[in-house]
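Novice: Dropping in input26.cif, which is mmCIF, C-alpha atoms:
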```cif
data_structure
loop_
_atom_site.label_atom_id
_atom_site.label_comp_id
_atom_site.auth_asym_id
_atom_site.auth_seq_id
_atom_site.Cartn_x
_atom_site.Cartn_y
_atom_site.Cartn_z
CA MET D 1442 32.25 13.28 -8.52
CA THR D 1443 31.61 16.89 -9.53
CA GLY D 1444 28.44 18.39 -8.10
CA TYR D 1445 28.09 15.74 -5.43
CA LEU D 1446 28.70 16.02 -1.72
CA LYS D 1447 30.10 12.85 -0.16
CA ILE D 1448 28.14 11.93 2.97
CA LYS D 1449 29.86 8.69 3.96
CA GLU D 1450 31.57 5.81 2.21
CA LYS D 1451 29.67 5.08 -1.03
CA SER D 1452 27.01 7.69 -0.18
CA TYR D 1453 26.45 10.95 -2.03
CA TYR D 1454 24.06 13.89 -2.08
CA LYS D 1455 23.73 15.76 -5.37
CA GLU D 1456 23.78 19.52 -4.98
CA GLY D 1457 21.03 21.04 -7.11
CA SER D 1458 17.73 19.62 -8.28
CA LEU D 1459 16.03 17.52 -10.94
CA GLN D 1460 13.41 18.88 -13.33
CA ALA D 1461 10.23 16.88 -13.82
CA THR D 1462 7.96 17.12 -16.86
CA PRO D 1463 4.22 17.13 -16.12
CA TYR D 1464 1.64 15.91 -18.66
CA ASN D 1465 -2.05 16.56 -19.08
CA SER D 1466 -4.20 13.46 -19.57
CA GLY D 1467 -7.39 15.51 -19.70
CA PHE D 1468 -8.99 14.20 -16.50
CA ARG D 1469 -9.82 17.20 -14.35
CA LEU D 1470 -11.21 15.08 -11.47
CA ALA D 1471 -8.02 13.00 -11.10
CA HIS D 1472 -7.08 12.51 -7.46
CA ASP D 1473 -4.15 10.92 -5.60
CA THR D 1474 -3.01 7.55 -7.01
CA TYR D 1475 -1.12 4.85 -5.10
CA ASN D 1476 0.89 2.44 -7.27
CA GLY D 1477 -1.26 2.35 -10.43
CA ILE D 1478 1.56 2.68 -12.97
CA SER D 1479 3.80 0.17 -14.79
CA ALA D 1480 5.95 -0.18 -17.89
CA ALA D 1481 4.86 -2.90 -20.34
CA SER D 1482 6.63 -4.96 -23.01
CA ASP D 1483 5.19 -2.78 -25.81
CA GLY D 1484 7.29 0.12 -24.52
CA LYS D 1485 4.31 2.03 -23.20
CA ILE D 1486 3.64 3.28 -19.69
CA TYR D 1487 0.21 2.25 -18.42
CA TYR D 1488 -1.39 4.16 -15.57
CA VAL D 1489 -4.67 4.82 -13.77
CA LEU D 1490 -5.87 8.25 -12.68
CA CYS D 1491 -8.22 7.93 -9.73
CA SER D 1492 -11.46 9.64 -8.78
CA GLU D 1493 -12.89 10.27 -5.32
CA GLN D 1494 -16.37 11.01 -6.69
CA MET D 1495 -19.36 8.77 -6.03
CA ASP D 1496 -20.43 8.78 -9.68
CA ALA D 1497 -17.14 9.12 -11.60
CA GLY D 1498 -14.84 6.16 -12.17
CA GLY D 1499 -11.09 6.11 -12.42
CA ARG D 1500 -9.58 6.09 -15.91
CA LEU D 1501 -6.97 3.95 -17.62
CA TYR D 1502 -4.36 5.55 -19.90
CA SER D 1503 -1.21 4.67 -21.79
CA PHE D 1504 1.77 6.90 -22.60
CA GLU D 1505 4.01 6.21 -25.59
CA PRO D 1506 7.37 7.87 -24.81
CA GLY D 1507 8.74 8.03 -28.37
CA LYS D 1508 5.70 9.95 -29.60
CA THR D 1509 4.88 11.67 -26.30
CA LEU D 1510 1.38 10.32 -26.92
CA ILE D 1511 -1.24 9.85 -24.21
CA GLU D 1512 -4.18 7.57 -25.06
CA TYR D 1513 -7.33 7.24 -23.00
CA LEU D 1514 -8.13 3.52 -22.78
CA GLY D 1515 -11.27 3.33 -20.68
CA ASP D 1516 -13.33 4.07 -17.59
CA LEU D 1517 -12.88 1.53 -14.77
CA THR D 1518 -16.60 1.48 -13.96
CA GLU D 1519 -17.43 0.74 -17.59
CA MET D 1520 -14.80 -2.02 -17.75
CA CYS D 1521 -16.55 -3.59 -14.74
CA CYS D 1522 -19.94 -3.37 -16.58
CA GLU D 1523 -21.37 -1.20 -13.80
CA LYS D 1524 -21.92 2.09 -15.62
CA GLU D 1525 -25.72 1.67 -15.81
CA MET D 1526 -26.14 0.17 -12.33
CA LYS D 1527 -25.90 3.49 -10.45
CA THR D 1528 -23.62 1.97 -7.83
CA VAL D 1529 -20.68 3.76 -6.19
CA ALA D 1530 -18.03 4.05 -8.89
CA GLN D 1531 -14.87 2.02 -9.33
CA GLY D 1532 -12.81 5.06 -8.45
CA LYS D 1533 -9.33 3.64 -7.97
CA SER D 1534 -6.76 1.11 -8.89
CA HIS D 1535 -4.43 0.79 -5.91
CA VAL D 1536 -2.07 -1.75 -7.54
CA ASN D 1537 0.51 -2.09 -10.29
CA PHE D 1538 -0.05 -3.92 -13.58
CA TYR D 1539 1.11 -7.51 -14.11
CA GLU D 1540 1.74 -8.70 -17.66
CA SER D 1541 1.07 -12.23 -18.84
CA GLN D 1542 0.39 -13.58 -22.34
CA GLY D 1543 -0.25 -10.19 -23.89
CA LYS D 1544 -2.60 -8.92 -21.21
CA LEU D 1545 -2.24 -6.59 -18.26
CA TYR D 1546 -3.88 -7.73 -15.02
CA PHE D 1547 -4.86 -5.25 -12.31
CA THR D 1548 -7.64 -4.61 -9.81
CA THR D 1549 -10.04 -1.86 -8.76
CA HIS D 1550 -10.82 -0.13 -5.50
CA LEU D 1551 -13.38 2.39 -4.30
CA GLY D 1552 -12.36 6.04 -4.23
CA TYR D 1553 -15.46 7.45 -2.56
CA TYR D 1554 -15.36 7.48 1.25
CA SER D 1555 -17.39 8.75 4.16
CA ILE D 1556 -16.06 9.69 7.58
CA LYS D 1557 -17.61 7.91 10.55
CA ASP D 1558 -16.34 8.42 14.10
CA GLY D 1559 -13.23 10.04 12.67
CA MET D 1560 -12.27 7.19 10.34
CA GLU D 1561 -12.71 6.46 6.64
CA VAL D 1562 -15.45 3.98 5.74
CA PRO D 1563 -16.88 2.94 2.35
CA GLY D 1564 -18.82 5.87 0.95
CA ILE D 1565 -22.49 6.13 1.88
CA PRO D 1566 -24.39 6.61 -1.39
CA SER D 1567 -26.99 9.28 -2.04
CA GLY D 1568 -29.21 10.50 -4.86
CA GLY D 1569 -30.52 7.06 -5.71
CA TYR D 1570 -27.10 5.44 -5.95
CA LYS D 1571 -26.47 1.98 -4.50
CA PRO D 1572 -23.52 0.87 -2.34
CA TYR D 1573 -20.18 -0.16 -3.78
CA ARG D 1574 -20.34 -3.69 -5.25
CA GLY D 1575 -16.71 -4.61 -4.63
CA GLY D 1576 -13.40 -4.39 -6.45
CA HIS D 1577 -12.86 -6.28 -9.70
CA ILE D 1578 -9.98 -8.20 -11.22
CA LEU D 1579 -9.52 -6.77 -14.71
CA ALA D 1580 -7.64 -8.00 -17.75
CA TYR D 1581 -6.62 -5.56 -20.50
CA ASP D 1582 -5.50 -6.87 -23.89
CA MET D 1583 -2.71 -4.60 -25.15
CA LYS D 1584 -3.26 -5.62 -28.79
CA THR D 1585 -7.03 -5.35 -29.07
CA LYS D 1586 -7.21 -2.53 -26.48
CA GLN D 1587 -10.14 -4.21 -24.77
CA GLY D 1588 -10.52 -4.66 -21.03
CA GLY D 1589 -13.01 -6.56 -18.93
CA SER D 1590 -13.78 -8.04 -15.53
CA LEU D 1591 -12.73 -11.56 -14.52
CA ALA D 1592 -14.01 -11.66 -10.95
CA ILE D 1593 -15.21 -9.55 -8.03
CA ALA D 1594 -13.68 -9.31 -4.56
CA PRO D 1595 -15.11 -11.05 -1.49
CA GLY D 1596 -17.45 -9.17 0.82
CA ASN D 1597 -18.21 -6.28 -1.55
CA GLU D 1598 -14.91 -4.76 -0.52
CA GLY D 1599 -12.36 -2.78 -2.49
CA ILE D 1600 -9.08 -4.40 -3.49
CA LEU D 1601 -6.20 -2.74 -1.69
CA THR D 1602 -3.24 -4.94 -2.59
CA THR D 1603 -2.56 -7.32 -5.48
CA ALA D 1604 0.32 -9.44 -6.75
CA MET D 1605 0.42 -11.95 -9.59
CA ASP D 1606 2.44 -15.09 -10.02
CA THR D 1607 2.72 -14.52 -13.76
CA GLY D 1608 4.22 -17.96 -14.43
CA ARG D 1609 1.42 -19.90 -12.75
CA ARG D 1610 -1.12 -17.15 -13.58
CA ILE D 1611 -2.40 -16.88 -10.02
CA ILE D 1612 -3.49 -13.51 -8.58
CA TYR D 1613 -3.36 -12.81 -4.82
CA GLY D 1614 -5.04 -9.87 -3.15
CA LEU D 1615 -6.10 -8.21 0.09
CA THR D 1616 -9.35 -6.28 0.41
CA TRP D 1617 -10.29 -3.12 2.28
CA PRO D 1618 -11.47 -2.45 4.92
CA THR D 1619 -11.61 -5.97 6.44
CA GLY D 1620 -8.52 -7.44 4.79
CA TYR D 1621 -9.83 -10.64 3.20
CA LEU D 1622 -7.05 -12.61 1.53
CA PHE D 1623 -8.10 -14.05 -1.81
CA ARG D 1624 -6.56 -16.10 -4.60
CA TYR D 1625 -7.75 -16.12 -8.20
CA ASP D 1626 -6.69 -18.73 -10.77
CA VAL D 1627 -6.81 -16.99 -14.16
CA ASP D 1628 -6.80 -20.10 -16.33
CA ASN D 1629 -9.41 -21.97 -14.30
CA ALA D 1630 -11.46 -18.85 -13.42
CA THR D 1631 -11.72 -19.87 -9.76
CA MET D 1632 -11.79 -17.53 -6.76
CA ASP D 1633 -10.81 -18.65 -3.25
CA ASN D 1634 -11.61 -16.47 -0.24
CA LEU D 1635 -9.10 -17.46 2.44
CA GLY D 1636 -10.74 -15.27 5.07
CA PRO D 1637 -9.62 -12.22 7.06
CA PHE D 1638 -5.84 -11.96 6.98
CA THR D 1639 -5.32 -9.62 9.95
CA GLY D 1640 -8.26 -9.72 12.38
CA THR D 1641 -10.85 -7.10 11.47
CA GLY D 1642 -8.30 -5.06 9.54
CA GLU D 1643 -9.16 -1.39 9.10
CA SER D 1644 -12.91 -1.90 9.48
CA VAL D 1645 -13.05 -0.97 13.18
CA LYS D 1646 -11.64 1.71 15.43
CA GLY D 1647 -9.81 1.00 18.68
CA ASP D 1648 -8.11 -2.14 19.96
CA GLY D 1649 -9.22 -4.25 17.00
CA TYR D 1650 -7.75 -1.95 14.34
CA ARG D 1651 -4.91 -3.41 12.26
CA VAL D 1652 -3.44 -1.63 9.26
CA ILE D 1653 -3.39 -3.90 6.19
CA CYS D 1654 -0.21 -4.79 4.30
CA ARG D 1655 0.15 -2.89 0.99
CA SER D 1656 2.63 -5.19 -0.75
CA ILE D 1657 2.37 -8.93 -1.47
CA ALA D 1658 5.64 -10.46 -2.66
CA ILE D 1659 5.83 -13.55 -4.88
CA ASP D 1660 8.78 -15.95 -5.04
CA PRO D 1661 8.64 -16.92 -8.74
CA ARG D 1662 10.59 -20.13 -8.14
CA ASP D 1663 7.86 -21.92 -6.20
CA GLY D 1664 4.94 -19.47 -6.27
CA THR D 1665 4.92 -18.76 -2.52
CA ALA D 1666 3.26 -15.46 -1.61
CA TYR D 1667 4.73 -13.41 1.28
CA MET D 1668 3.14 -10.57 3.22
CA THR D 1669 3.30 -8.98 6.66
CA ASN D 1670 0.89 -7.84 9.35
CA ALA D 1671 0.82 -4.89 11.74
CA GLU D 1672 2.34 -7.02 14.49
CA GLY D 1673 5.42 -7.52 12.32
CA ASP D 1674 4.93 -11.19 11.51
CA ILE D 1675 6.10 -12.34 8.08
CA LYS D 1676 3.44 -14.60 6.59
CA ARG D 1677 3.57 -16.98 3.65
CA LEU D 1678 1.03 -18.83 1.56
CA LYS D 1679 2.50 -21.68 -0.43
CA ALA D 1680 1.21 -22.34 -3.93
CA GLY D 1681 -1.88 -24.54 -3.79
CA SER D 1682 -2.22 -24.31 -0.01
CA ASP D 1683 -5.13 -22.75 1.87
CA ARG D 1684 -3.13 -22.28 5.09
CA VAL D 1685 -1.28 -19.03 5.81
CA GLU D 1686 1.85 -19.77 7.84
CA THR D 1687 3.78 -17.47 10.17
CA ILE D 1688 7.52 -17.67 9.59
CA ALA D 1689 9.27 -18.75 12.77
CA ASP D 1690 12.40 -17.03 14.11
CA GLU D 1691 12.21 -14.00 11.79
CA ASP D 1692 10.00 -10.91 11.70
CA MET D 1693 9.77 -7.18 11.02
CA ARG D 1694 10.04 -6.13 14.66
CA LYS D 1695 13.43 -4.45 14.35
CA ASP D 1696 14.63 -1.72 16.70
CA TYR D 1697 15.69 0.36 13.70
CA PHE D 1698 12.15 0.34 12.33
CA GLY D 1699 10.74 2.00 15.48
CA ARG D 1700 8.02 1.22 17.99
CA TYR D 1701 4.33 1.30 17.12
CA ASP D 1702 0.91 1.04 18.70
CA ILE D 1703 -0.53 -1.51 16.32
CA SER D 1704 -4.13 -0.53 17.09
CA THR D 1705 -3.61 3.10 16.06
CA ALA D 1706 -4.10 4.41 12.52
CA GLY D 1707 -1.66 6.77 10.84
CA SER D 1708 1.27 4.44 10.18
CA MET D 1709 2.03 1.09 8.54
CA ALA D 1710 3.14 -0.17 11.98
CA TYR D 1711 5.61 -3.07 11.49
CA ASN D 1712 4.43 -3.89 7.96
CA TRP D 1713 6.83 -3.58 5.09
CA ARG D 1714 5.75 -0.81 2.72
CA GLN D 1715 6.94 -2.02 -0.70
CA VAL D 1716 8.82 -5.16 -1.76
CA PHE D 1717 10.20 -6.55 -5.03
CA TRP D 1718 11.93 -9.78 -6.08
CA HIS D 1719 15.62 -9.58 -7.04
CA PRO D 1720 16.28 -12.54 -9.37
CA ALA D 1721 20.08 -12.20 -9.34
CA GLU D 1722 20.17 -13.07 -5.64
CA ASN D 1723 16.89 -14.97 -5.23
CA MET D 1724 15.92 -12.53 -2.50
CA PHE D 1725 13.37 -9.82 -1.80
CA TYR D 1726 14.31 -6.18 -1.31
CA GLY D 1727 11.94 -3.94 0.58
CA VAL D 1728 11.54 -0.70 2.43
CA HIS D 1729 9.88 -0.19 5.79
CA GLY D 1730 7.39 2.67 5.80
CA ASN D 1731 7.90 5.46 8.35
CA SER D 1732 11.54 4.63 9.14
CA GLY D 1733 12.65 4.38 5.51
CA TYR D 1734 15.08 1.51 6.13
CA LEU D 1735 16.06 -0.72 3.22
CA PHE D 1736 16.16 -4.44 3.94
CA ARG D 1737 16.86 -7.71 2.16
CA PHE D 1738 14.84 -10.85 2.91
CA ASN D 1739 16.14 -14.31 2.08
CA PRO D 1740 13.12 -16.66 2.06
CA ASP D 1741 15.31 -19.79 1.97
CA LYS D 1742 16.91 -19.30 5.41
CA PRO D 1743 14.68 -17.31 6.27
CA PHE D 1744 16.58 -14.17 7.25
CA LEU D 1745 15.86 -10.43 7.06
CA GLU D 1746 18.91 -8.17 6.89
CA VAL D 1747 18.63 -4.42 7.50
CA LEU D 1748 20.95 -2.70 5.02
CA ASP D 1749 20.73 1.09 5.07
CA ARG D 1750 18.44 4.04 5.62
CA ILE D 1751 17.43 5.33 2.21
CA THR D 1752 15.36 8.34 3.15
CA SER D 1753 16.43 11.68 1.69
CA VAL D 1754 19.57 13.28 3.09
CA PRO D 1755 17.59 16.22 4.57
CA SER D 1756 15.37 13.73 6.41
CA GLN D 1757 18.41 11.85 7.72
CA ARG D 1758 20.13 15.02 8.88
CA GLY D 1759 16.95 16.20 10.57
CA GLY D 1760 16.47 12.85 12.31
CA MET D 1761 13.01 12.59 10.79
CA ASN D 1762 10.74 9.71 9.92
CA ASP D 1763 9.04 9.81 6.52
CA MET D 1764 6.90 12.88 5.91
CA PHE D 1765 4.21 10.67 4.41
CA SER D 1766 2.64 8.84 7.35
CA PHE D 1767 2.60 5.42 5.65
CA GLY D 1768 5.99 5.72 3.93
CA TYR D 1769 6.43 5.66 0.15
CA LEU D 1770 5.39 3.15 -2.51
CA GLY D 1771 7.65 4.54 -5.26
CA PHE D 1772 10.31 1.86 -4.82
CA THR D 1773 11.42 -0.42 -7.67
CA LEU D 1774 14.29 -2.29 -9.32
CA GLY D 1775 15.71 -0.58 -12.39
CA ARG D 1776 16.05 -2.21 -15.79
CA ASP D 1777 19.75 -2.88 -15.20
CA GLY D 1778 18.82 -5.39 -12.50
CA ARG D 1779 21.06 -3.75 -9.89
CA THR D 1780 19.83 -0.20 -9.22
CA ILE D 1781 16.99 0.58 -6.84
CA TYR D 1782 15.04 3.74 -7.67
CA TYR D 1783 13.18 5.30 -4.76
CA LEU D 1784 10.95 8.37 -4.73
CA THR D 1785 10.89 9.63 -1.17
CA GLY D 1786 10.18 12.84 0.70
CA GLY D 1787 12.27 15.46 2.37
CA PRO D 1788 11.42 18.49 4.49
CA ALA D 1789 10.66 21.68 2.61
CA MET D 1790 12.61 24.63 3.96
CA VAL D 1791 11.81 28.36 4.03
CA ASN D 1792 14.50 30.74 5.26
CA GLY D 1793 16.41 27.78 6.65
CA LYS D 1794 13.49 26.47 8.69
CA ARG D 1795 11.40 23.40 8.03
CA ILE D 1796 7.74 23.84 7.17
CA ARG D 1797 6.09 21.84 9.91
CA GLY D 1798 2.87 19.90 9.55
CA GLU D 1799 0.62 18.06 11.95
CA ASP D 1800 0.50 14.51 13.24
CA ILE D 1801 -2.29 12.71 11.39
CA ARG D 1802 -4.33 9.57 11.90
CA ARG D 1803 -4.51 8.31 8.32
CA GLY D 1804 -2.33 7.94 5.25
CA ALA D 1805 -1.27 11.47 4.31
CA ALA D 1806 1.68 13.85 4.31
CA ARG D 1807 2.58 15.57 7.57
CA GLY D 1808 3.11 18.89 5.84
CA ILE D 1809 4.66 20.22 2.65
CA GLU D 1810 7.59 18.15 1.43
CA ASN D 1811 10.11 18.05 -1.38
CA LEU D 1812 10.18 14.99 -3.61
CA HIS D 1813 13.64 13.37 -3.75
CA LEU D 1814 14.93 10.71 -6.11
CA VAL D 1815 17.28 8.26 -4.40
CA THR D 1816 19.24 5.48 -6.13
CA TYR D 1817 20.90 2.54 -4.43
CA ASP D 1818 23.36 0.25 -6.23
CA ILE D 1819 22.86 -3.24 -4.83
CA PRO D 1820 26.30 -4.80 -5.54
CA THR D 1821 28.28 -1.87 -4.10
CA ALA D 1822 25.75 -0.64 -1.50
CA GLY D 1823 26.11 2.76 -3.17
CA TYR D 1824 23.48 5.30 -2.04
CA CYS D 1825 22.86 8.62 -3.76
CA ASP D 1826 20.24 11.26 -3.08
CA HIS D 1827 19.99 13.10 -6.41
CA GLY D 1828 18.30 16.05 -4.81
CA PRO D 1829 14.78 17.48 -4.83
CA VAL D 1830 12.50 17.35 -7.87
CA PHE D 1831 10.62 20.40 -9.18
CA TYR D 1832 8.40 21.26 -12.12
CA PRO D 1833 9.72 23.83 -14.63
CA ASP D 1834 7.69 26.56 -12.90
CA GLY D 1835 9.21 25.74 -9.50
CA GLN D 1836 6.23 23.89 -8.04
CA ARG D 1837 6.73 20.66 -6.12
CA PRO D 1838 5.30 17.27 -7.18
CA LEU D 1839 3.19 16.25 -4.16
CA TYR D 1840 1.61 13.01 -2.91
CA VAL D 1841 3.93 10.75 -4.90
CA ASN D 1842 3.42 7.04 -4.21
CA SER D 1843 4.12 5.30 -7.52
CA ILE D 1844 6.99 4.59 -9.90
CA ALA D 1845 7.80 2.96 -13.24
CA CYS D 1846 11.02 2.78 -15.26
CA GLY D 1847 10.78 3.32 -19.02
CA GLU D 1848 12.91 1.50 -21.59
CA ASP D 1849 15.35 4.43 -21.79
CA GLY D 1850 15.63 4.72 -18.01
CA THR D 1851 13.20 7.62 -17.64
CA ILE D 1852 11.36 7.52 -14.33
CA TYR D 1853 7.57 7.92 -14.41
CA THR D 1854 5.26 8.64 -11.53
CA LEU D 1855 1.87 10.18 -10.69
CA ALA D 1856 1.78 13.41 -8.72
CA ARG D 1857 -0.31 16.45 -7.93
CA ILE D 1858 -0.08 19.28 -10.45
CA ASN D 1859 -1.49 22.78 -9.94
CA GLU D 1860 -2.51 24.71 -13.04
CA ASN D 1861 -4.58 27.89 -13.08
CA GLY D 1862 -5.58 27.40 -9.47
CA HIS D 1863 -6.84 23.83 -9.98
CA THR D 1864 -5.08 20.76 -8.59
CA ARG D 1865 -5.22 17.38 -10.26
CA THR D 1866 -3.06 14.24 -10.24
CA ASP D 1867 -1.35 13.31 -13.51
CA LEU D 1868 1.59 11.65 -15.19
CA VAL D 1869 5.07 13.05 -14.53
CA SER D 1870 8.46 12.03 -15.98
CA ILE D 1871 11.91 12.48 -14.44
CA PRO D 1872 15.11 11.90 -16.43
CA ASP D 1873 17.34 9.09 -15.22
CA PRO D 1874 20.03 10.87 -13.15
CA LEU D 1875 22.51 8.03 -13.73
CA LYS D 1876 22.71 8.68 -17.47
#
```
Please rewrite the model in this file as structure tokens.
Specialist:
Amino acid sequence: MTGYLKIKEKSYYKEGSLQATPYNSGFRLAHDTYNGISAASDGKIYYVLCSEQMDAGGRLYSFEPGKTLIEYLGDLTEMCCEKEMKTVAQGKSHVNFYESQGKLYFTTHLGYYSIKDGMEVPGIPSGGYKPYRGGHILAYDMKTKQGGSLAIAPGNEGILTTAMDTGRRIIYGLTWPTGYLFRYDVDNATMDNLGPFTGTGESVKGDGYRVICRSIAIDPRDGTAYMTNAEGDIKRLKAGSDRVETIADEDMRKDYFGRYDISTAGSMAYNWRQVFWHPAENMFYGVHGNSGYLFRFNPDKPFLEVLDRITSVPSQRGGMNDMFSFGYLGFTLGRDGRTIYYLTGGPAMVNGKRIRGEDIRRGAARGIENLHLVTYDIPTAGYCDHGPVFYPDGQRPLYVNSIACGEDGTIYTLARINENGHTRTDLVSIPDPLK
């Protein structure tokens, strides 16, 4: 394999780098986005650019690859009918899009925060503004290009995590900062608040703090929703049930994943970071944040099998955990049904020495990092780090926690871009290195 350095059996590191193409959506205030991007059946890439301002909402866009056309589709606050209320804006969408019957379903989150006793709390309004009303479940019709609110989250909280059983048209979600688990039936327009999922969640500091799971996984065969908690328990909620069960005899507390103080912020603790369903095997594949280990979870046994460490080769060689304190969300199954695409970090080097950052107590990068694109072939267990990713001018895409695969295999994500001394987050494309 010319241009590749063999690391171990079925593992390669590509010498060189990949070139990413940045786009300009015209939203100068755009800030870091987590998830918030998906490919739809119309061939377009849909994405949200977030805002951390009290009075400026996040914005929904679509990108049409064949025409290289970006279309502004709407302001999240306006879609939630809150533009004239002078409440804290709907600044974020922290989730991917789920498509069902011609519509895209997604949810909103607050982007405006205050710092109290060293921790993030919902933003304290000023200038006559009112507090945040809560995240909304939104539906966007791809044909009519109209979007609107279906329901609002429990407790006036933002919506941190969402998954949809598209067959049964049931949406599950977790709120922030408390971590209420809710279920919304689209066809019957009913909302069930199933209560706090993990104690007091991220609403308190100290012994009661528990980081909230960022990925709910749905088994499409029976509609069971799976998620984890900071303690490493794997939980499930069966379709139609109001009782969250803890799976016996299996958990996320693996030696390979590391040891964590579950009451301390700054990591995902024993939670999985991102998970997807693999229909060919009727199993889930996931990655553990911080350690970067790939695992496979069979819900029928149940059994969780640790497969391989899929961090970048420079991180592996340096014996490092993930540079981003929570791990990376840019983890998905490719359109071929067998290739995992993973956008992860690697240490940035200057004169042969790593640029070192600081330990942090929230979700952020521990210093400057290179973005790496890793692929993993499921049938052959073939790992390849395709090298670091740079913009044409040599800058690094930073704070990357999202991914989508276009129809032609192009990888799309949302990353920081610096132009003329100003930094914004925007759409970025990376050519498929397997083509």
Novice: For the structure provided, state which residues fall under the PyMOL selection byres ((chain D and resi 1569) around 12), and present them as a list in words.
Specialist: Met1495, Asp1496, Met1526, Lys1527, Thr1528, Val1529, Ile1565, Pro1566, Ser1567, Gly1568, Tyr1570, Lys1571 and Pro1572 of chain D
Novice: Starting from the shown file, work through the PyMOL selection byres ((chain D and resi 1499-1513) around 9) and note down what comes out as a PyMOL selection string.
Specialist: chain D and resi 1464-1468+1471+1484-1493+1497-1498+1514-1518+1530-1534+1549+1552+1847+1868
Novice: So, with only C-alpha atoms as the atoms that count, which of D:Ser1870, D:Pro1743, D:Arg1624, D:Ser1452 lies closest to Ala1689 (chain D)?
Specialist: D:Pro1743
Novice: Give as a ChimeraX atom specification each residue that has an atom at most 12 Å from (-14.9, -6.2, 11.3) in the file, counting only C-alpha atoms.
Specialist: /D:1562,1596,1598,1617-1621,1636-1651
Novice: Could you write out as a PyMOL selection string the residues that the PyMOL selection byres ((chain D and resi 1446) around 12) matches in the shown file?
Specialist: chain D and resi 1442-1445+1447-1457+1754+1824-1828
Novice: Closest to Asp1663 (chain D) among D:Thr1607, D:Ser1766, D:Thr1687, D:Gln1494, using all atoms listed in the file?
Specialist: D:Thr1607
Novice: Would you fill out region 1549-1562 of chain D with N, CA and C atoms and return it as a PDB file, in the coordinates of the input?
Specialist:
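Contents of the output file part18.pdb:
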```
ATOM      1  N   THR D1549      -9.416  -3.147  -9.056  1.00  0.00           N
ATOM      2  CA  THR D1549     -10.040  -1.860  -8.760  1.00  0.00           C
ATOM      3  C   THR D1549     -10.371  -1.728  -7.272  1.00  0.00           C
ATOM      4  N   HIS D1550     -10.580  -0.479  -6.897  1.00  0.00           N
ATOM      5  CA  HIS D1550     -10.820  -0.130  -5.500  1.00  0.00           C
ATOM      6  C   HIS D1550     -11.806   1.034  -5.489  1.00  0.00           C
ATOM      7  N   LEU D1551     -12.489   1.232  -4.382  1.00  0.00           N
ATOM      8  CA  LEU D1551     -13.380   2.390  -4.300  1.00  0.00           C
ATOM      9  C   LEU D1551     -12.577   3.641  -3.967  1.00  0.00           C
ATOM     10  N   GLY D1552     -13.016   4.767  -4.508  1.00  0.00           N
ATOM     11  CA  GLY D1552     -12.360   6.040  -4.230  1.00  0.00           C
ATOM     12  C   GLY D1552     -13.238   6.993  -3.456  1.00  0.00           C
ATOM     13  N   TYR D1553     -14.491   6.590  -3.232  1.00  0.00           N
ATOM     14  CA  TYR D1553     -15.460   7.450  -2.560  1.00  0.00           C
ATOM     15  C   TYR D1553     -15.639   6.963  -1.127  1.00  0.00           C
ATOM     16  N   TYR D1554     -15.328   7.848  -0.159  1.00  0.00           N
ATOM     17  CA  TYR D1554     -15.360   7.480   1.250  1.00  0.00           C
ATOM     18  C   TYR D1554     -16.289   8.410   2.034  1.00  0.00           C
ATOM     19  N   SER D1555     -16.714   7.920   3.168  1.00  0.00           N
ATOM     20  CA  SER D1555     -17.390   8.750   4.160  1.00  0.00           C
ATOM     21  C   SER D1555     -16.573   8.699   5.442  1.00  0.00           C
ATOM     22  N   ILE D1556     -16.749   9.658   6.300  1.00  0.00           N
ATOM     23  CA  ILE D1556     -16.060   9.690   7.580  1.00  0.00           C
ATOM     24  C   ILE D1556     -17.059   9.368   8.682  1.00  0.00           C
ATOM     25  N   LYS D1557     -16.757   8.329   9.444  1.00  0.00           N
ATOM     26  CA  LYS D1557     -17.610   7.910  10.550  1.00  0.00           C
ATOM     27  C   LYS D1557     -16.755   7.746  11.791  1.00  0.00           C
ATOM     28  N   ASP D1558     -17.107   8.460  12.848  1.00  0.00           N
ATOM     29  CA  ASP D1558     -16.340   8.420  14.100  1.00  0.00           C
ATOM     30  C   ASP D1558     -14.858   8.704  13.847  1.00  0.00           C
ATOM     31  N   GLY D1559     -14.600   9.616  12.911  1.00  0.00           N
ATOM     32  CA  GLY D1559     -13.230  10.040  12.670  1.00  0.00           C
ATOM     33  C   GLY D1559     -12.405   9.112  11.802  1.00  0.00           C
ATOM     34  N   MET D1560     -13.026   8.096  11.185  1.00  0.00           N
ATOM     35  CA  MET D1560     -12.270   7.190  10.340  1.00  0.00           C
ATOM     36  C   MET D1560     -12.964   7.011   8.994  1.00  0.00           C
ATOM     37  N   GLU D1561     -12.166   6.678   7.962  1.00  0.00           N
ATOM     38  CA  GLU D1561     -12.710   6.460   6.640  1.00  0.00           C
ATOM     39  C   GLU D1561     -13.478   5.133   6.591  1.00  0.00           C
ATOM     40  N   VAL D1562     -14.644   5.177   5.972  1.00  0.00           N
ATOM     41  CA  VAL D1562     -15.450   3.980   5.740  1.00  0.00           C
ATOM     42  C   VAL D1562     -15.922   4.038   4.292  1.00  0.00           C
TER      43      VAL D1562
END
```
